[in-house]
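S.K.: Input file: coords-v7.cif. Contents: mmCIF, C-alpha atoms.
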```
data_data
#
loop_
_atom_site.group_PDB
_atom_site.id
_atom_site.type_symbol
_atom_site.label_atom_id
_atom_site.label_comp_id
_atom_site.auth_asym_id
_atom_site.auth_seq_id
_atom_site.Cartn_x
_atom_site.Cartn_y
_atom_site.Cartn_z
ATOM 1 C CA MET A 1 6.308 -2.045 6.703
ATOM 2 C CA LEU A 2 4.973 0.481 9.147
ATOM 3 C CA ASN A 3 8.132 0.274 11.238
ATOM 4 C CA TYR A 4 10.233 0.898 8.127
ATOM 5 C CA ALA A 5 8.135 3.959 7.274
ATOM 6 C CA ASN A 6 8.380 5.257 10.835
ATOM 7 C CA GLU A 7 12.165 4.864 10.832
ATOM 8 C CA GLN A 8 12.337 6.661 7.475
ATOM 9 C CA GLU A 9 10.349 9.559 8.864
ATOM 10 C CA ARG A 10 12.398 9.759 12.075
ATOM 11 C CA ILE A 11 15.722 9.924 10.208
ATOM 12 C CA ALA A 12 14.398 12.401 7.628
ATOM 13 C CA MET A 13 13.023 14.725 10.298
ATOM 14 C CA THR A 14 16.237 14.638 12.340
ATOM 15 C CA VAL A 15 18.422 15.404 9.328
ATOM 16 C CA SER A 16 16.014 18.101 8.100
ATOM 17 C CA PHE A 17 15.951 19.827 11.489
ATOM 18 C CA ASN A 18 19.764 19.885 11.576
ATOM 19 C CA SER A 19 19.805 21.246 8.014
ATOM 20 C CA ILE A 20 17.455 24.063 8.999
ATOM 21 C CA MET A 21 19.621 25.058 11.961
ATOM 22 C CA VAL A 22 22.809 25.089 9.864
ATOM 23 C CA ASN A 23 21.201 26.975 6.971
ATOM 24 C CA LEU A 24 19.689 29.575 9.285
ATOM 25 C CA ALA A 25 23.085 30.251 10.841
ATOM 26 C CA LEU A 26 24.826 30.346 7.455
ATOM 27 C CA SER A 27 22.229 32.539 5.753
ATOM 28 C CA VAL A 28 22.361 35.130 8.543
ATOM 29 C CA GLY A 29 26.164 35.046 8.597
ATOM 30 C CA LYS A 30 26.481 35.339 4.819
ATOM 31 C CA LEU A 31 23.934 38.138 4.536
ATOM 32 C CA VAL A 32 25.705 40.098 7.271
ATOM 33 C CA ALA A 33 29.080 39.464 5.605
ATOM 34 C CA GLY A 34 27.605 40.437 2.232
ATOM 35 C CA PHE A 35 26.154 43.732 3.399
ATOM 36 C CA VAL A 36 29.107 44.673 5.616
ATOM 37 C CA GLY A 37 31.616 43.515 3.028
ATOM 38 C CA GLN A 38 29.600 45.110 0.172
ATOM 39 C CA SER A 39 29.516 41.884 -1.859
ATOM 40 C CA ALA A 40 26.592 41.204 -4.217
ATOM 41 C CA ALA A 41 27.799 37.636 -4.708
ATOM 42 C CA MET A 42 27.803 36.944 -0.968
ATOM 43 C CA ILE A 43 24.339 38.483 -0.549
ATOM 44 C CA SER A 44 23.121 36.230 -3.389
ATOM 45 C CA ASP A 45 24.761 33.247 -1.704
ATOM 46 C CA GLY A 46 23.062 34.164 1.577
ATOM 47 C CA ILE A 47 19.675 34.309 -0.149
ATOM 48 C CA HIS A 48 20.408 30.863 -1.620
ATOM 49 C CA SER A 49 21.041 29.472 1.872
ATOM 50 C CA ALA A 50 17.864 31.134 3.171
ATOM 51 C CA SER A 51 15.892 29.490 0.340
ATOM 52 C CA ASP A 52 17.318 26.147 1.463
ATOM 53 C CA VAL A 53 15.629 26.671 4.841
ATOM 54 C CA LEU A 54 12.250 26.994 3.137
ATOM 55 C CA SER A 55 12.999 24.063 0.843
ATOM 56 C CA THR A 56 13.785 21.834 3.811
ATOM 57 C CA PHE A 57 10.383 22.652 5.312
ATOM 58 C CA VAL A 58 8.854 21.508 2.014
ATOM 59 C CA VAL A 59 10.873 18.284 2.237
ATOM 60 C CA MET A 60 9.683 17.685 5.805
ATOM 61 C CA ALA A 61 6.054 18.213 4.807
ATOM 62 C CA GLY A 62 6.448 15.858 1.857
ATOM 63 C CA VAL A 63 8.032 13.104 3.966
ATOM 64 C CA LYS A 64 5.379 13.496 6.668
ATOM 65 C CA LEU A 65 2.481 13.269 4.219
ATOM 66 C CA SER A 66 4.030 10.438 2.193
ATOM 67 C CA ASN A 67 4.200 8.225 5.292
ATOM 68 C CA LYS A 68 0.483 8.470 6.009
ATOM 69 C CA GLU A 69 -1.238 5.095 5.934
ATOM 70 C CA ALA A 70 -3.501 4.145 3.032
ATOM 71 C CA ASP A 71 -7.144 5.195 3.361
ATOM 72 C CA ASP A 72 -10.375 4.769 1.405
ATOM 73 C CA ASP A 73 -9.489 7.606 -0.971
ATOM 74 C CA HIS A 74 -5.819 6.579 -1.409
ATOM 75 C CA GLN A 75 -5.789 2.808 -1.268
ATOM 76 C CA TYR A 76 -2.208 2.539 -2.536
ATOM 77 C CA GLY A 77 -0.870 4.998 0.037
ATOM 78 C CA HIS A 78 0.479 8.563 -0.107
ATOM 79 C CA GLU A 79 4.125 8.051 -1.118
ATOM 80 C CA ARG A 80 3.813 10.302 -4.150
ATOM 81 C CA MET A 81 3.175 13.291 -1.894
ATOM 82 C CA GLU A 82 6.952 13.455 -1.496
ATOM 83 C CA CYS A 83 7.242 13.808 -5.283
ATOM 84 C CA ILE A 84 4.699 16.637 -5.338
ATOM 85 C CA ALA A 85 6.705 18.406 -2.630
ATOM 86 C CA SER A 86 9.861 18.001 -4.732
ATOM 87 C CA ILE A 87 8.180 19.450 -7.831
ATOM 88 C CA LEU A 88 6.991 22.476 -5.849
ATOM 89 C CA LEU A 89 10.497 22.813 -4.472
ATOM 90 C CA ALA A 90 12.010 22.767 -7.977
ATOM 91 C CA GLY A 91 9.727 25.622 -9.047
ATOM 92 C CA PHE A 92 10.594 27.631 -5.953
ATOM 93 C CA LEU A 93 14.329 27.164 -6.532
ATOM 94 C CA ALA A 94 14.019 28.234 -10.168
ATOM 95 C CA PHE A 95 12.199 31.402 -9.060
ATOM 96 C CA VAL A 96 14.921 32.234 -6.508
ATOM 97 C CA GLY A 97 17.640 31.538 -9.077
ATOM 98 C CA ALA A 98 15.998 33.854 -11.609
ATOM 99 C CA GLY A 99 15.877 36.674 -9.056
ATOM 100 C CA ILE A 100 19.553 36.279 -8.172
ATOM 101 C CA GLY A 101 20.566 36.134 -11.845
ATOM 102 C CA TYR A 102 18.565 39.205 -12.756
ATOM 103 C CA SER A 103 20.123 41.190 -9.916
ATOM 104 C CA GLY A 104 23.634 40.346 -11.133
ATOM 105 C CA TYR A 105 22.708 41.056 -14.764
ATOM 106 C CA GLU A 106 21.278 44.457 -13.838
ATOM 107 C CA LYS A 107 24.493 45.462 -12.063
ATOM 108 C CA ILE A 108 26.612 44.412 -15.052
ATOM 109 C CA ILE A 109 24.624 46.282 -17.715
ATOM 110 C CA ASN A 110 24.568 49.388 -15.511
ATOM 111 C CA ALA A 111 28.253 49.109 -14.614
ATOM 112 C CA ASN A 112 29.060 52.408 -16.372
ATOM 113 C CA GLU A 113 26.357 54.263 -14.480
ATOM 114 C CA ILE A 114 26.894 52.921 -10.971
ATOM 115 C CA GLU A 115 30.018 52.284 -8.987
ATOM 116 C CA ILE A 116 30.474 48.624 -8.100
ATOM 117 C CA ALA A 117 31.815 48.377 -4.557
ATOM 118 C CA ILE A 118 34.952 46.382 -3.817
ATOM 119 C CA PRO A 119 34.005 43.529 -1.433
ATOM 120 C CA GLY A 120 35.695 43.419 1.970
ATOM 121 C CA GLN A 121 37.742 40.592 3.440
ATOM 122 C CA MET A 122 34.839 39.555 5.673
ATOM 123 C CA ALA A 123 32.861 38.434 2.609
ATOM 124 C CA LEU A 124 35.853 36.415 1.401
ATOM 125 C CA TRP A 125 36.132 34.475 4.661
ATOM 126 C CA ALA A 126 32.383 33.902 4.743
ATOM 127 C CA ALA A 127 32.633 32.192 1.342
ATOM 128 C CA VAL A 128 35.404 29.877 2.588
ATOM 129 C CA ILE A 129 33.499 28.890 5.748
ATOM 130 C CA SER A 130 30.281 28.368 3.787
ATOM 131 C CA THR A 131 31.991 26.061 1.272
ATOM 132 C CA ILE A 132 33.394 23.814 4.015
ATOM 133 C CA VAL A 133 30.182 23.658 6.067
ATOM 134 C CA LYS A 134 27.871 23.077 3.093
ATOM 135 C CA GLU A 135 30.047 20.304 1.654
ATOM 136 C CA ALA A 136 29.968 18.570 5.049
ATOM 137 C CA MET A 137 26.169 18.940 5.149
ATOM 138 C CA TYR A 138 25.941 17.473 1.642
ATOM 139 C CA TRP A 139 27.628 14.232 2.715
ATOM 140 C CA TYR A 140 25.693 14.069 5.994
ATOM 141 C CA THR A 141 22.346 14.441 4.218
ATOM 142 C CA LEU A 142 23.237 12.215 1.251
ATOM 143 C CA LEU A 143 24.233 9.292 3.490
ATOM 144 C CA ALA A 144 20.919 9.592 5.337
ATOM 145 C CA ALA A 145 19.010 9.796 2.032
ATOM 146 C CA LYS A 146 20.638 6.593 0.785
ATOM 147 C CA LYS A 147 19.938 4.847 4.072
ATOM 148 C CA ILE A 148 16.186 5.483 3.877
ATOM 149 C CA ASN A 149 15.897 5.713 0.075
ATOM 150 C CA SER A 150 14.406 9.210 0.186
ATOM 151 C CA GLY A 151 14.337 11.210 -3.031
ATOM 152 C CA ALA A 152 13.308 14.395 -1.243
ATOM 153 C CA LEU A 153 16.178 14.104 1.239
ATOM 154 C CA LYS A 154 18.571 13.377 -1.620
ATOM 155 C CA ALA A 155 17.329 16.541 -3.314
ATOM 156 C CA ASP A 156 18.036 18.455 -0.109
ATOM 157 C CA ALA A 157 21.550 16.992 -0.074
ATOM 158 C CA TRP A 158 22.130 18.326 -3.579
ATOM 159 C CA HIS A 159 20.930 21.719 -2.405
ATOM 160 C CA HIS A 160 23.772 21.653 0.109
ATOM 161 C CA ARG A 161 26.240 20.686 -2.656
ATOM 162 C CA THR A 162 24.901 23.428 -4.930
ATOM 163 C CA ASP A 163 25.255 25.926 -2.089
ATOM 164 C CA ALA A 164 28.847 24.792 -1.571
ATOM 165 C CA ILE A 165 29.592 25.253 -5.283
ATOM 166 C CA SER A 166 27.879 28.643 -5.330
ATOM 167 C CA SER A 167 30.038 29.661 -2.360
ATOM 168 C CA VAL A 168 33.092 28.723 -4.424
ATOM 169 C CA GLY A 169 31.706 30.921 -7.205
ATOM 170 C CA ALA A 170 31.165 33.740 -4.717
ATOM 171 C CA PHE A 171 34.739 33.311 -3.446
ATOM 172 C CA ILE A 172 36.129 33.607 -6.978
ATOM 173 C CA GLY A 173 33.975 36.662 -7.702
ATOM 174 C CA ILE A 174 34.897 38.392 -4.442
ATOM 175 C CA LEU A 175 38.596 37.595 -4.831
ATOM 176 C CA GLY A 176 38.552 38.856 -8.429
ATOM 177 C CA ALA A 177 36.830 42.060 -7.357
ATOM 178 C CA ARG A 178 39.417 42.616 -4.615
ATOM 179 C CA MET A 179 42.178 42.109 -7.205
ATOM 180 C CA GLY A 180 40.845 44.946 -9.324
ATOM 181 C CA TYR A 181 38.068 43.312 -11.348
ATOM 182 C CA PRO A 182 34.867 44.439 -9.538
ATOM 183 C CA ILE A 183 32.654 43.220 -12.398
ATOM 184 C CA LEU A 184 33.447 39.639 -11.334
ATOM 185 C CA ASP A 185 31.382 40.019 -8.153
ATOM 186 C CA PRO A 186 27.972 40.500 -9.870
ATOM 187 C CA ALA A 187 29.112 38.054 -12.587
ATOM 188 C CA ALA A 188 29.412 35.414 -9.867
ATOM 189 C CA SER A 189 25.741 36.014 -9.037
ATOM 190 C CA ILE A 190 24.824 34.971 -12.581
ATOM 191 C CA VAL A 191 26.911 31.808 -12.266
ATOM 192 C CA ILE A 192 25.129 31.025 -9.000
ATOM 193 C CA CYS A 193 21.811 31.573 -10.792
ATOM 194 C CA PHE A 194 22.588 28.843 -13.353
ATOM 195 C CA MET A 195 23.753 26.477 -10.601
ATOM 196 C CA ILE A 196 20.399 26.896 -8.880
ATOM 197 C CA PHE A 197 18.610 26.307 -12.198
ATOM 198 C CA TYR A 198 20.535 23.058 -12.614
ATOM 199 C CA ALA A 199 19.646 21.913 -9.095
ATOM 200 C CA ALA A 200 15.974 22.721 -9.764
ATOM 201 C CA TYR A 201 16.092 20.672 -12.975
ATOM 202 C CA GLU A 202 17.591 17.645 -11.186
ATOM 203 C CA VAL A 203 14.981 17.782 -8.417
ATOM 204 C CA PHE A 204 12.177 18.063 -10.983
ATOM 205 C CA GLU A 205 13.526 15.235 -13.160
ATOM 206 C CA GLU A 206 13.847 12.764 -10.272
ATOM 207 C CA ALA A 207 10.388 13.642 -8.935
ATOM 208 C CA MET A 208 8.836 13.118 -12.376
ATOM 209 C CA ASP A 209 10.528 9.721 -12.681
ATOM 210 C CA LYS A 210 8.866 8.628 -9.454
ATOM 211 C CA MET A 211 5.525 10.091 -10.528
ATOM 212 C CA THR A 212 5.528 8.265 -13.859
ATOM 213 C CA ASP A 213 6.341 4.709 -12.700
ATOM 214 C CA HIS A 214 9.989 4.825 -13.760
ATOM 215 C CA VAL A 215 11.839 1.505 -13.410
ATOM 216 C CA CYS A 216 14.005 0.998 -10.304
ATOM 217 C CA ASN A 217 17.781 1.263 -10.668
ATOM 218 C CA GLU A 218 19.596 -1.588 -12.401
ATOM 219 C CA GLU A 219 21.449 -2.725 -9.289
ATOM 220 C CA MET A 220 18.191 -3.265 -7.427
ATOM 221 C CA VAL A 221 16.579 -5.065 -10.380
ATOM 222 C CA VAL A 222 19.503 -7.508 -10.588
ATOM 223 C CA ALA A 223 19.323 -8.147 -6.826
ATOM 224 C CA LEU A 224 15.560 -8.739 -7.073
ATOM 225 C CA LYS A 225 16.038 -11.312 -9.816
ATOM 226 C CA GLU A 226 18.679 -13.134 -7.795
ATOM 227 C CA ALA A 227 16.347 -13.188 -4.782
ATOM 228 C CA VAL A 228 13.521 -14.707 -6.832
ATOM 229 C CA VAL A 229 15.537 -17.502 -8.475
ATOM 230 C CA GLY A 230 17.081 -18.313 -5.105
ATOM 231 C CA VAL A 231 13.719 -19.451 -3.722
ATOM 232 C CA GLN A 232 13.355 -23.225 -3.617
ATOM 233 C CA GLY A 233 10.817 -24.546 -6.117
ATOM 234 C CA VAL A 234 11.213 -21.713 -8.657
ATOM 235 C CA ASP A 235 12.039 -23.334 -11.993
ATOM 236 C CA HIS A 236 12.395 -20.091 -13.970
ATOM 237 C CA LEU A 237 11.893 -16.382 -13.556
ATOM 238 C CA ASP A 238 9.686 -15.524 -16.517
ATOM 239 C CA SER A 239 9.495 -11.760 -16.027
ATOM 240 C CA LEU A 240 10.103 -9.079 -13.441
ATOM 241 C CA ALA A 241 8.805 -5.508 -13.666
ATOM 242 C CA THR A 242 9.436 -2.680 -11.214
ATOM 243 C CA ARG A 243 8.091 0.831 -10.814
ATOM 244 C CA GLN A 244 8.951 3.593 -8.415
ATOM 245 C CA PHE A 245 6.160 4.924 -6.236
ATOM 246 C CA GLY A 246 7.523 7.917 -4.377
ATOM 247 C CA ASN A 247 10.341 6.604 -2.218
ATOM 248 C CA ARG A 248 8.948 3.048 -2.370
ATOM 249 C CA ALA A 249 8.605 0.521 -5.195
ATOM 250 C CA TYR A 250 6.156 -1.999 -6.593
ATOM 251 C CA VAL A 251 7.392 -5.295 -8.050
ATOM 252 C CA ASP A 252 5.470 -7.657 -10.370
ATOM 253 C CA VAL A 253 6.957 -11.122 -10.842
ATOM 254 C CA GLU A 254 6.063 -14.103 -13.018
ATOM 255 C CA ILE A 255 7.664 -17.423 -12.151
ATOM 256 C CA SER A 256 7.465 -20.949 -13.535
ATOM 257 C CA VAL A 257 7.095 -24.019 -11.313
ATOM 258 C CA ASP A 258 6.792 -27.745 -11.932
ATOM 259 C CA ASP A 259 3.590 -28.524 -13.877
ATOM 260 C CA ASN A 260 2.740 -31.435 -11.591
ATOM 261 C CA LEU A 261 2.622 -29.468 -8.338
ATOM 262 C CA THR A 262 -0.683 -29.055 -6.545
ATOM 263 C CA LEU A 263 -2.277 -25.625 -6.418
ATOM 264 C CA LEU A 264 -1.442 -25.457 -2.711
ATOM 265 C CA ALA A 265 2.245 -26.262 -3.313
ATOM 266 C CA ALA A 266 2.531 -23.727 -6.164
ATOM 267 C CA HIS A 267 0.851 -21.102 -3.998
ATOM 268 C CA GLU A 268 3.341 -21.774 -1.192
ATOM 269 C CA ILE A 269 6.287 -21.163 -3.572
ATOM 270 C CA ALA A 270 4.680 -17.894 -4.690
ATOM 271 C CA GLU A 271 4.265 -16.861 -1.045
ATOM 272 C CA ASN A 272 7.941 -17.648 -0.397
ATOM 273 C CA VAL A 273 8.969 -15.452 -3.342
ATOM 274 C CA HIS A 274 6.711 -12.671 -2.050
ATOM 275 C CA ALA A 275 8.197 -12.937 1.448
ATOM 276 C CA ALA A 276 11.792 -13.117 0.171
ATOM 277 C CA ILE A 277 11.425 -9.842 -1.746
ATOM 278 C CA GLU A 278 9.508 -7.839 0.853
ATOM 279 C CA THR A 279 11.822 -9.023 3.656
ATOM 280 C CA ARG A 280 15.105 -8.429 1.829
ATOM 281 C CA PHE A 281 13.985 -5.149 0.240
ATOM 282 C CA PRO A 282 12.032 -3.059 2.779
ATOM 283 C CA GLU A 283 11.711 -0.277 0.192
ATOM 284 C CA VAL A 284 9.377 -2.561 -1.780
ATOM 285 C CA LYS A 285 5.836 -1.557 -0.836
ATOM 286 C CA HIS A 286 4.232 -4.602 -2.440
ATOM 287 C CA CYS A 287 5.244 -7.587 -4.567
ATOM 288 C CA MET A 288 2.746 -9.396 -6.795
ATOM 289 C CA VAL A 289 3.706 -12.960 -7.857
ATOM 290 C CA HIS A 290 2.074 -14.842 -10.750
ATOM 291 C CA VAL A 291 2.732 -18.564 -11.274
ATOM 292 C CA ASN A 292 3.081 -20.264 -14.684
ATOM 293 C CA PRO A 293 3.598 -23.950 -15.533
ATOM 294 C CA ALA A 294 7.250 -24.653 -16.408
ATOM 295 C CA SER A 295 6.250 -26.244 -19.732
ATOM 296 C CA GLU A 296 5.344 -22.793 -21.096
ATOM 297 C CA LYS A 297 8.499 -21.437 -22.769
ATOM 298 C CA HIS A 298 8.405 -17.693 -22.237
ATOM 299 C CA HIS A 299 11.301 -17.211 -19.855
ATOM 300 C CA ASP A 300 13.513 -14.120 -19.907
ATOM 301 C CA TYR A 301 15.774 -15.031 -17.018
ATOM 302 C CA LYS A 302 17.268 -18.400 -16.110
ATOM 303 C CA LYS A 303 18.377 -19.607 -12.714
ATOM 304 C CA PRO A 304 22.213 -19.706 -12.517
ATOM 305 C CA SER A 305 23.576 -23.229 -12.716
ATOM 306 C CA GLN A 306 24.665 -24.750 -9.408
ATOM 307 C CA GLU A 307 28.222 -26.084 -9.542
#
```
Starting from the file, give its structure as C-alpha cells.

M.R.:
Amino acid sequence: MLNYANEQERIAMTVSFNSIMVNLALSVGKLVAGFVGQSAAMISDGIHSASDVLSTFVVMAGVKLSNKEADDDHQYGHERMECIASILLAGFLAFVGAGIGYSGYEKIINANEIEIAIPGQMALWAAVISTIVKEAMYWYTLLAAKKINSGALKADAWHHRTDAISSVGAFIGILGARMGYPILDPAASIVICFMIFYAAYEVFEEAMDKMTDHVCNEEMVVALKEAVVGVQGVDHLDSLATRQFGNRAYVDVEISVDDNLTLLAAHEIAENVHAAIETRFPEVKHCMVHVNPASEKHHDYKKPSQE
C-alpha cells in the first residue's frame, strides 16, 4: 500500500508542478493582454488563472499530507487531509469569483458615468490561446486524476476546464465590445464569476462526500461484489458496504461459507477474500471480512450460476 501511495504522490506532484508553470505563464500573458488591450474580461480571466496557481499549491499540500503514514493520533491515516485542502480551496475560489463579479457589476451600473474602453485585438488573441491551452491542461490533469483516484487533482482539472470556459466567455465579451457593444466586456466578467462559483460548489460537494463516508461509485461496488463471489469457498455474499476516505476507500464484507468447515478453513477463505479485494483494488485502504454460516438466510447478493 505504501508503494501505491508513493506513486500517487509522485504523479500528483508532477502534474501539479506542470500546472503551476502553465498557469503562471498564462496569468502573466492574460494580465498583460488585458491591461494593454484595455479588457476587463481578460484581466478577470488572468486573475482566475493566477488563483489557479494558488489552488494548485493547496492541492499539493493536501496530497502530501494525506499520504503521511498512520500515527498514534491518526490511527486510520491522514487521507482526509486532501478533503480539507479541497474545502479550503472551494472557499478561496468563491472569494475570487465574488471579487471578479463585483468588479464587472460596478462597471455596468456606472456605465453612464464612465467610458468603457474598447478592448484591443491583443486581448482577443489571448482569449483564444488561453482556451486551447487550458482545455489541453484539463484533459492532461483529469487523466492523471483518474489514474491515481485523486479528488483534489480532479478538482484541479475542473479548474482548468472552468478557466477554458471563462476564456470563451472573455472572447465573446471582447469580440462583442469590439463590434460596438462595450457593455459586453464587463458583462463577461459576471459570467466568469458564476462559472467560478459553480467550480467552487463542485469541489466542495465532492470533498464533503469523502468527508462523510459517502459510498463508492456504482461501477466499483459491482466490481467488488464480483471479486468476492469469485473467491473459491464463498457460498454467498451476504452484504458489502463501502465508504470513501479521502482518495482511498474502506470495504466491509459479510460472506457465507459451508457450515461444516473448520474455523481454520473458514478463516482461510476470509483471508482470500481480503487479499483478492486489496490486490485488485489498490485504492482500497482496508477490507474487513466477516464470515457467516451458509444456513443463515440473509443474503443480498448471489453468486452467478456457472454454465

S.K.: Where does the PyMOL selection byres ((chain A and resi 134) around 7) land in this file, that is, which residues does it pick, as a PDB file with C-alpha atoms, keeping the file's coordinate frame?

M.R.:
```pdb
ATOM      1  CA  SER A 130      30.281  28.368   3.787  1.00  0.00           C
ATOM      2  CA  THR A 131      31.991  26.061   1.272  1.00  0.00           C
ATOM      3  CA  ILE A 132      33.394  23.814   4.015  1.00  0.00           C
ATOM      4  CA  VAL A 133      30.182  23.658   6.067  1.00  0.00           C
ATOM      5  CA  GLU A 135      30.047  20.304   1.654  1.00  0.00           C
ATOM      6  CA  ALA A 136      29.968  18.570   5.049  1.00  0.00           C
ATOM      7  CA  MET A 137      26.169  18.940   5.149  1.00  0.00           C
ATOM      8  CA  TYR A 138      25.941  17.473   1.642  1.00  0.00           C
ATOM      9  CA  HIS A 160      23.772  21.653   0.109  1.00  0.00           C
ATOM     10  CA  ARG A 161      26.240  20.686  -2.656  1.00  0.00           C
ATOM     11  CA  ASP A 163      25.255  25.926  -2.089  1.00  0.00           C
ATOM     12  CA  ALA A 164      28.847  24.792  -1.571  1.00  0.00           C
TER      13      ALA A 164
END
```

S.K.: Separation of CA of Thr262 in chain A and CA of Ala223 in chain A, in Å?

M.R.: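 Those two atoms sit 28.9 Å apart.
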
S.K.: Return the single residue from A:Ile183, A:Ala266, A:Met288, A:Ile20 that is closest to Asp52 in chain A, with distances computed using only C-alpha atoms.

M.R.: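 So, comparing all the options, the nearest one is A:Ile20.
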
S.K.: Between CA of Ala199 in chain A and CA of Leu142 in chain A, measure the distance and give it in Å to one decimal.

M.R.: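 Taking CA of Ala199 in chain A and CA of Leu142 in chain A, their separation equals 14.6 Å.
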
S.K.: On this file, the PyMOL selection byres ((chain A and resi 101) around 8) gives some set of residues; write that set as number ranges by chain.

M.R.: A: 97-100, 102-105, 189-194

S.K.: Now that the selection is made, can you save its residues with C-alpha atoms as an mmCIF file, in the frame of the given file?

M.R.:
```
data_model
loop_
_atom_site.group_PDB
_atom_site.id
_atom_site.type_symbol
_atom_site.label_atom_id
_atom_site.label_comp_id
_atom_site.auth_asym_id
_atom_site.auth_seq_id
_atom_site.Cartn_x
_atom_site.Cartn_y
_atom_site.Cartn_z
ATOM 1 C CA GLY A 97 17.640 31.538 -9.077
ATOM 2 C CA ALA A 98 15.998 33.854 -11.609
ATOM 3 C CA GLY A 99 15.877 36.674 -9.056
ATOM 4 C CA ILE A 100 19.553 36.279 -8.172
ATOM 5 C CA TYR A 102 18.565 39.205 -12.756
ATOM 6 C CA SER A 103 20.123 41.190 -9.916
ATOM 7 C CA GLY A 104 23.634 40.346 -11.133
ATOM 8 C CA TYR A 105 22.708 41.056 -14.764
ATOM 9 C CA SER A 189 25.741 36.014 -9.037
ATOM 10 C CA ILE A 190 24.824 34.971 -12.581
ATOM 11 C CA VAL A 191 26.911 31.808 -12.266
ATOM 12 C CA ILE A 192 25.129 31.025 -9.000
ATOM 13 C CA CYS A 193 21.811 31.573 -10.792
ATOM 14 C CA PHE A 194 22.588 28.843 -13.353
#
```

S.K.: Running the PyMOL selection byres ((chain A and resi 64) around 12) on this model by hand, what would come out? Give it as a ChimeraX atom specification.

M.R.: /A:5-13,16,57-63,65-69,78-82,85,150,152

S.K.: Taking all atoms listed in the file into account, name the residue in A:Val291, A:Ala188, A:Ala177, A:Ala40 that is nearest to His274 in chain A.

M.R.: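 Closest candidate: A:Val291.
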
S.K.: Please determine, counting only C-alpha atoms, which residue among A:Pro186, A:Gly173, A:Gly151, A:Gly77 has the shortest atom-to-atom distance to Asn110 in chain A.

M.R.: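 Once distances to Asn110 in chain A are computed over only C-alpha atoms, the minimum belongs to A:Pro186.
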
S.K.: From the set A:Ser86, A:Thr242, A:Ser295, A:Thr141, which residue has the shortest atom-to-atom contact distance to Tyr201 in chain A, counting all atoms listed in the file?

M.R.: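 Ranking A:Ser86, A:Thr242, A:Ser295, A:Thr141 by distance to Tyr201 in chain A, first place goes to A:Ser86.
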
S.K.: For the point (15.8, 6.7, 0.2) in the file's frame, write as an MDAnalysis selection string all residues with an atom no more than 9 Å away, counting only C-alpha atoms.

M.R.: chainID A and resid 8 144:154 247:248 283

S.K.: Show me that you can extract range 50-61 of chain A, keeping N, CA, C and O atoms, and write it as an mmCIF file, in the first residue's frame.

M.R.:
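Once everything was written out, this is out.cif:
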```cif
data_model
loop_
_atom_site.group_PDB
_atom_site.id
_atom_site.type_symbol
_atom_site.label_atom_id
_atom_site.label_comp_id
_atom_site.auth_asym_id
_atom_site.auth_seq_id
_atom_site.Cartn_x
_atom_site.Cartn_y
_atom_site.Cartn_z
ATOM 1 N N ALA A 50 -4.368 33.139 -12.220
ATOM 2 C CA ALA A 50 -3.446 33.345 -11.097
ATOM 3 C C ALA A 50 -3.958 32.629 -9.845
ATOM 4 O O ALA A 50 -3.177 32.046 -9.082
ATOM 5 N N SER A 51 -5.289 32.641 -9.641
ATOM 6 C CA SER A 51 -5.864 31.943 -8.491
ATOM 7 C C SER A 51 -5.661 30.437 -8.612
ATOM 8 O O SER A 51 -5.534 29.733 -7.608
ATOM 9 N N ASP A 52 -5.620 29.948 -9.852
ATOM 10 C CA ASP A 52 -5.375 28.516 -10.070
ATOM 11 C C ASP A 52 -3.969 28.119 -9.615
ATOM 12 O O ASP A 52 -3.744 26.975 -9.204
ATOM 13 N N VAL A 53 -3.017 29.047 -9.713
ATOM 14 C CA VAL A 53 -1.666 28.762 -9.219
ATOM 15 C C VAL A 53 -1.707 28.510 -7.719
ATOM 16 O O VAL A 53 -1.153 27.520 -7.209
ATOM 17 N N LEU A 54 -2.394 29.386 -6.998
ATOM 18 C CA LEU A 54 -2.507 29.228 -5.545
ATOM 19 C C LEU A 54 -3.286 27.966 -5.203
ATOM 20 O O LEU A 54 -2.936 27.249 -4.255
ATOM 21 N N SER A 55 -4.343 27.676 -5.974
ATOM 22 C CA SER A 55 -5.141 26.496 -5.684
ATOM 23 C C SER A 55 -4.344 25.215 -5.884
ATOM 24 O O SER A 55 -4.523 24.234 -5.150
ATOM 25 N N THR A 56 -3.440 25.216 -6.855
ATOM 26 C CA THR A 56 -2.624 24.028 -7.089
ATOM 27 C C THR A 56 -1.657 23.800 -5.934
ATOM 28 O O THR A 56 -1.378 22.657 -5.558
ATOM 29 N N PHE A 57 -1.155 24.876 -5.333
ATOM 30 C CA PHE A 57 -0.314 24.723 -4.143
ATOM 31 C C PHE A 57 -1.113 24.082 -3.003
ATOM 32 O O PHE A 57 -0.585 23.258 -2.251
ATOM 33 N N VAL A 58 -2.387 24.464 -2.893
ATOM 34 C CA VAL A 58 -3.249 23.857 -1.870
ATOM 35 C C VAL A 58 -3.425 22.370 -2.142
ATOM 36 O O VAL A 58 -3.382 21.537 -1.234
ATOM 37 N N VAL A 59 -3.626 22.031 -3.423
ATOM 38 C CA VAL A 59 -3.759 20.624 -3.821
ATOM 39 C C VAL A 59 -2.500 19.851 -3.457
ATOM 40 O O VAL A 59 -2.557 18.738 -2.903
ATOM 41 N N MET A 60 -1.344 20.407 -3.771
ATOM 42 C CA MET A 60 -0.072 19.733 -3.476
ATOM 43 C C MET A 60 0.096 19.494 -1.974
ATOM 44 O O MET A 60 0.530 18.415 -1.542
ATOM 45 N N ALA A 61 -0.257 20.493 -1.182
ATOM 46 C CA ALA A 61 -0.156 20.346 0.274
ATOM 47 C C ALA A 61 -1.096 19.258 0.766
ATOM 48 O O ALA A 61 -0.730 18.435 1.616
#
```
